[in-house]
Amino acid sequence: MKLTVLDKFSEGDALCFLCKTSLADYVDGLPENFREFYIQRGIVTNRFLDNLWDTLSAQRHIPPIVLVGGQTAPDLSPTKDFELPADFKVLDGLQRSHRLKEIWDTVAYIENEFADDLSLNVPQLTRQKAIDLRKRGINPQIFQKALGAHREGNGREFLFRRNTIWLEVWFGLSEAAQIQKMLVLNAGHKSVNIKHQIELIFWSRFEKLQAELEPGKVFREKDKSSISYSKGRQQGEYHFAHLISAFVSLLDGALVTTNAEYSADQAFPGERDPDETLLDVDDRVLRAFAHTVAALDRKLQTDEGVRWLGREVVLVGIFGAIGAVARSGSEGKVEALQDFDAKIPQFIQNLNLHGFERWRNNLELSKVNIGNVNRREVFNATLQFLKGKTQGMIQWGNIGEGAADVAS
């Protein structure tokens, strides 16, 4: 893709070029996998973006899109034009790029493959072809607008080649800096799902967690929402956001709420070198944590137990309590996890999951935050068990108070 440089900006070791190019060159130059950049959330529903056709057809301005061009900036002398390699990534503007590509592909289909039937008006023909269009991955609403424009003589030349777009292209950004910029760039738009934000901060540990939990499967929020996962969890399935919440609760020895404030504190720590990874984790602790999660999952073999472990509040409560024991005693976190591993059979025998569900279903939702109450109850129950204070089955709702600090 050929770009014309309008301005440039330096930020530490990174360099940003403000460029322009034709909309046709941009959309045609998008990599096949441009939607798969791990930083990005999935494609979301947005009524205003879905109406991007109106902006195109009226040749109005499309807001700039931010790209990551690689680690090495081009040498621009003596010209200010340069070719951007085809492996660039979309840092901000994925939703716009997705819809522009949809329109581009639809117009290309009409111009190169579609046999028009002028005996039918555009809405009639669209209804007649709707099933076939969907099979081809074409949105019938976009097709109807594009076919109407085509009959008026307005195709790719009018929609894309006569339009230009501004691009900010960054070179030399570390992964941590890319994540920080993505979160800032999205601050003024439809907010990025908090769980997706947290996953980005912990991304450097995703593959290690997945490897430690194999043959289990770890889902990300963009692949399967935590709500959907919790409702249909199968043994050996884990949600990355849940594992993160449980792990940071283990590290702090408290109930940590991974909310927007926590995300901002981790992503923008102030004095830390921005090129550092966003989280510094002891791999020994991470491996021991994954081993305990898998061991607990293997022992909870009933449908009720499998669903119970699929709740974030359960994992946070259990591992927050293990961390609290490590924090208050002479053992480290690895030793505390190993001690819990040895006690898992007795812990499960004492769980009384029927009692947990009865207690949970009797909570008055109008008077309590059910998530906080559940976390604290599991925390206290696990803490009492680890301290040897549990006699027989856990009596949910009648557990003595532990030191269930809540950190946000």
# chains A, B, ... in the order shown; residues from 1 in each chain; ligands from 1
$ residues_around --residues "Leu6 of chain A" --least-positions-apart "6" --cutoff "9 Å" --atoms "only C-alpha atoms" --output "PyMOL selection string"
chain A and resi 17-20+80
$ residues_around --residues "Ser249 of chain A" --least-positions-apart "2" --cutoff "9 Å" --atoms "only C-alpha atoms" --output "ChimeraX atom specification"
/A:244-247,251-257,316-324,407
$ write_last_selection --atoms "all heavy atoms" --output "compact mmCIF listing (two decimals), in the first residue's frame"
# COMPACT_ATOMS: atom_id res chain seq x y z
N ILE A 244 -7.44 -15.17 35.39
CA ILE A 244 -6.71 -13.96 35.78
C ILE A 244 -7.20 -13.45 37.13
O ILE A 244 -6.41 -13.15 38.03
CB ILE A 244 -6.89 -12.86 34.71
CG1 ILE A 244 -6.19 -13.26 33.41
CG2 ILE A 244 -6.33 -11.53 35.21
CD1 ILE A 244 -6.57 -12.41 32.22
N SER A 245 -8.52 -13.33 37.28
CA SER A 245 -9.08 -12.84 38.54
C SER A 245 -8.65 -13.72 39.71
O SER A 245 -8.30 -13.22 40.79
CB SER A 245 -10.61 -12.79 38.46
OG SER A 245 -11.04 -11.91 37.45
N ALA A 246 -8.67 -15.04 39.49
CA ALA A 246 -8.27 -15.97 40.55
C ALA A 246 -6.79 -15.83 40.86
O ALA A 246 -6.37 -15.85 42.03
CB ALA A 246 -8.60 -17.40 40.14
N PHE A 247 -5.97 -15.68 39.81
CA PHE A 247 -4.53 -15.61 40.01
C PHE A 247 -4.12 -14.34 40.75
O PHE A 247 -3.27 -14.39 41.66
CB PHE A 247 -3.81 -15.70 38.66
CG PHE A 247 -2.32 -15.80 38.78
CD1 PHE A 247 -1.73 -16.92 39.33
CD2 PHE A 247 -1.51 -14.78 38.32
CE1 PHE A 247 -0.35 -17.02 39.45
CE2 PHE A 247 -0.14 -14.86 38.43
CZ PHE A 247 0.45 -15.99 38.99
N LEU A 251 -2.20 -13.90 44.34
CA LEU A 251 -1.01 -13.07 44.56
C LEU A 251 -1.21 -12.09 45.71
O LEU A 251 -0.30 -11.86 46.51
CB LEU A 251 -0.65 -12.31 43.29
CG LEU A 251 -0.25 -13.14 42.06
CD1 LEU A 251 0.12 -12.21 40.91
CD2 LEU A 251 0.90 -14.08 42.38
N ASP A 252 -2.42 -11.50 45.79
CA ASP A 252 -2.69 -10.50 46.82
C ASP A 252 -3.16 -11.11 48.13
O ASP A 252 -3.16 -10.43 49.17
CB ASP A 252 -3.75 -9.50 46.34
CG ASP A 252 -3.18 -8.47 45.37
OD1 ASP A 252 -2.08 -8.73 44.84
OD2 ASP A 252 -3.82 -7.44 45.14
N GLY A 253 -3.59 -12.38 48.10
CA GLY A 253 -4.14 -12.99 49.31
C GLY A 253 -5.41 -12.31 49.74
O GLY A 253 -5.70 -12.18 50.93
N ALA A 254 -6.20 -11.86 48.77
CA ALA A 254 -7.43 -11.11 49.05
C ALA A 254 -8.36 -11.25 47.86
O ALA A 254 -7.99 -11.78 46.82
CB ALA A 254 -7.11 -9.63 49.31
N LEU A 255 -9.58 -10.75 48.02
CA LEU A 255 -10.54 -10.77 46.92
C LEU A 255 -10.30 -9.56 46.03
O LEU A 255 -10.61 -8.43 46.41
CB LEU A 255 -11.97 -10.74 47.47
CG LEU A 255 -12.34 -11.91 48.39
CD1 LEU A 255 -13.75 -11.74 48.93
CD2 LEU A 255 -12.23 -13.23 47.64
N VAL A 256 -9.74 -9.78 44.87
CA VAL A 256 -9.43 -8.69 43.95
C VAL A 256 -10.53 -8.57 42.91
O VAL A 256 -10.93 -9.55 42.29
CB VAL A 256 -8.08 -8.94 43.24
CG1 VAL A 256 -7.81 -7.83 42.22
CG2 VAL A 256 -6.96 -9.00 44.26
N THR A 257 -11.05 -7.36 42.74
CA THR A 257 -12.06 -7.10 41.72
C THR A 257 -11.36 -6.55 40.49
O THR A 257 -10.81 -5.45 40.51
CB THR A 257 -13.10 -6.08 42.23
OG1 THR A 257 -13.69 -6.57 43.43
CG2 THR A 257 -14.19 -5.88 41.18
N VAL A 316 -12.13 -17.04 42.39
CA VAL A 316 -11.55 -15.91 43.12
C VAL A 316 -11.56 -16.20 44.63
O VAL A 316 -10.57 -15.96 45.33
CB VAL A 316 -12.33 -14.62 42.81
CG1 VAL A 316 -11.96 -13.52 43.80
CG2 VAL A 316 -12.04 -14.17 41.39
N GLY A 317 -12.68 -16.72 45.13
CA GLY A 317 -12.78 -17.01 46.56
C GLY A 317 -11.79 -18.07 47.00
O GLY A 317 -11.10 -17.91 48.03
N ILE A 318 -11.69 -19.17 46.25
CA ILE A 318 -10.77 -20.26 46.62
C ILE A 318 -9.33 -19.79 46.61
O ILE A 318 -8.58 -19.98 47.59
CB ILE A 318 -10.95 -21.45 45.65
CG1 ILE A 318 -12.31 -22.12 45.87
CG2 ILE A 318 -9.82 -22.47 45.85
CD1 ILE A 318 -12.64 -23.20 44.85
N PHE A 319 -8.90 -19.17 45.52
CA PHE A 319 -7.49 -18.82 45.40
C PHE A 319 -7.12 -17.59 46.21
O PHE A 319 -5.97 -17.44 46.64
CB PHE A 319 -7.11 -18.68 43.93
CG PHE A 319 -7.00 -20.02 43.25
CD1 PHE A 319 -8.08 -20.54 42.54
CD2 PHE A 319 -5.85 -20.77 43.35
CE1 PHE A 319 -7.99 -21.79 41.95
CE2 PHE A 319 -5.75 -22.02 42.76
CZ PHE A 319 -6.83 -22.54 42.06
N GLY A 320 -8.10 -16.71 46.45
CA GLY A 320 -7.84 -15.60 47.38
C GLY A 320 -7.55 -16.13 48.77
O GLY A 320 -6.65 -15.64 49.48
N ALA A 321 -8.28 -17.18 49.20
CA ALA A 321 -8.07 -17.77 50.52
C ALA A 321 -6.72 -18.47 50.60
O ALA A 321 -6.01 -18.37 51.61
CB ALA A 321 -9.20 -18.76 50.82
N ILE A 322 -6.34 -19.20 49.54
CA ILE A 322 -5.03 -19.84 49.53
C ILE A 322 -3.93 -18.80 49.65
O ILE A 322 -2.95 -18.97 50.39
CB ILE A 322 -4.84 -20.68 48.24
CG1 ILE A 322 -5.87 -21.83 48.20
CG2 ILE A 322 -3.42 -21.24 48.15
CD1 ILE A 322 -5.90 -22.58 46.88
N GLY A 323 -4.08 -17.69 48.93
CA GLY A 323 -3.10 -16.61 49.02
C GLY A 323 -3.06 -15.98 50.40
O GLY A 323 -1.99 -15.60 50.89
N ALA A 324 -4.23 -15.88 51.05
CA ALA A 324 -4.29 -15.30 52.40
C ALA A 324 -3.54 -16.18 53.39
O ALA A 324 -2.86 -15.68 54.29
CB ALA A 324 -5.74 -15.12 52.83
N ALA A 407 -9.85 -5.99 47.26
CA ALA A 407 -8.97 -5.01 46.61
C ALA A 407 -9.54 -4.68 45.25
O ALA A 407 -10.00 -5.55 44.54
CB ALA A 407 -7.55 -5.58 46.48
$ select_by_dssp --residues "segment 213-358 of chain A" --states "strand (DSSP E or B)" --output "PyMOL selection string"
chain A and resi 217-219+237-239+255-256
$ atom_distance --atom1 "atom CA of Glu237 of chain A" --atom2 "atom CA of Lys217 of chain A"
5.0 Å
$ residues_around --residues "Asp283 of chain A" --least-positions-apart "4" --cutoff "9 Å" --atoms "only C-alpha atoms" --output "list in words"
Lys208, Arg287 and Ala288 of chain A
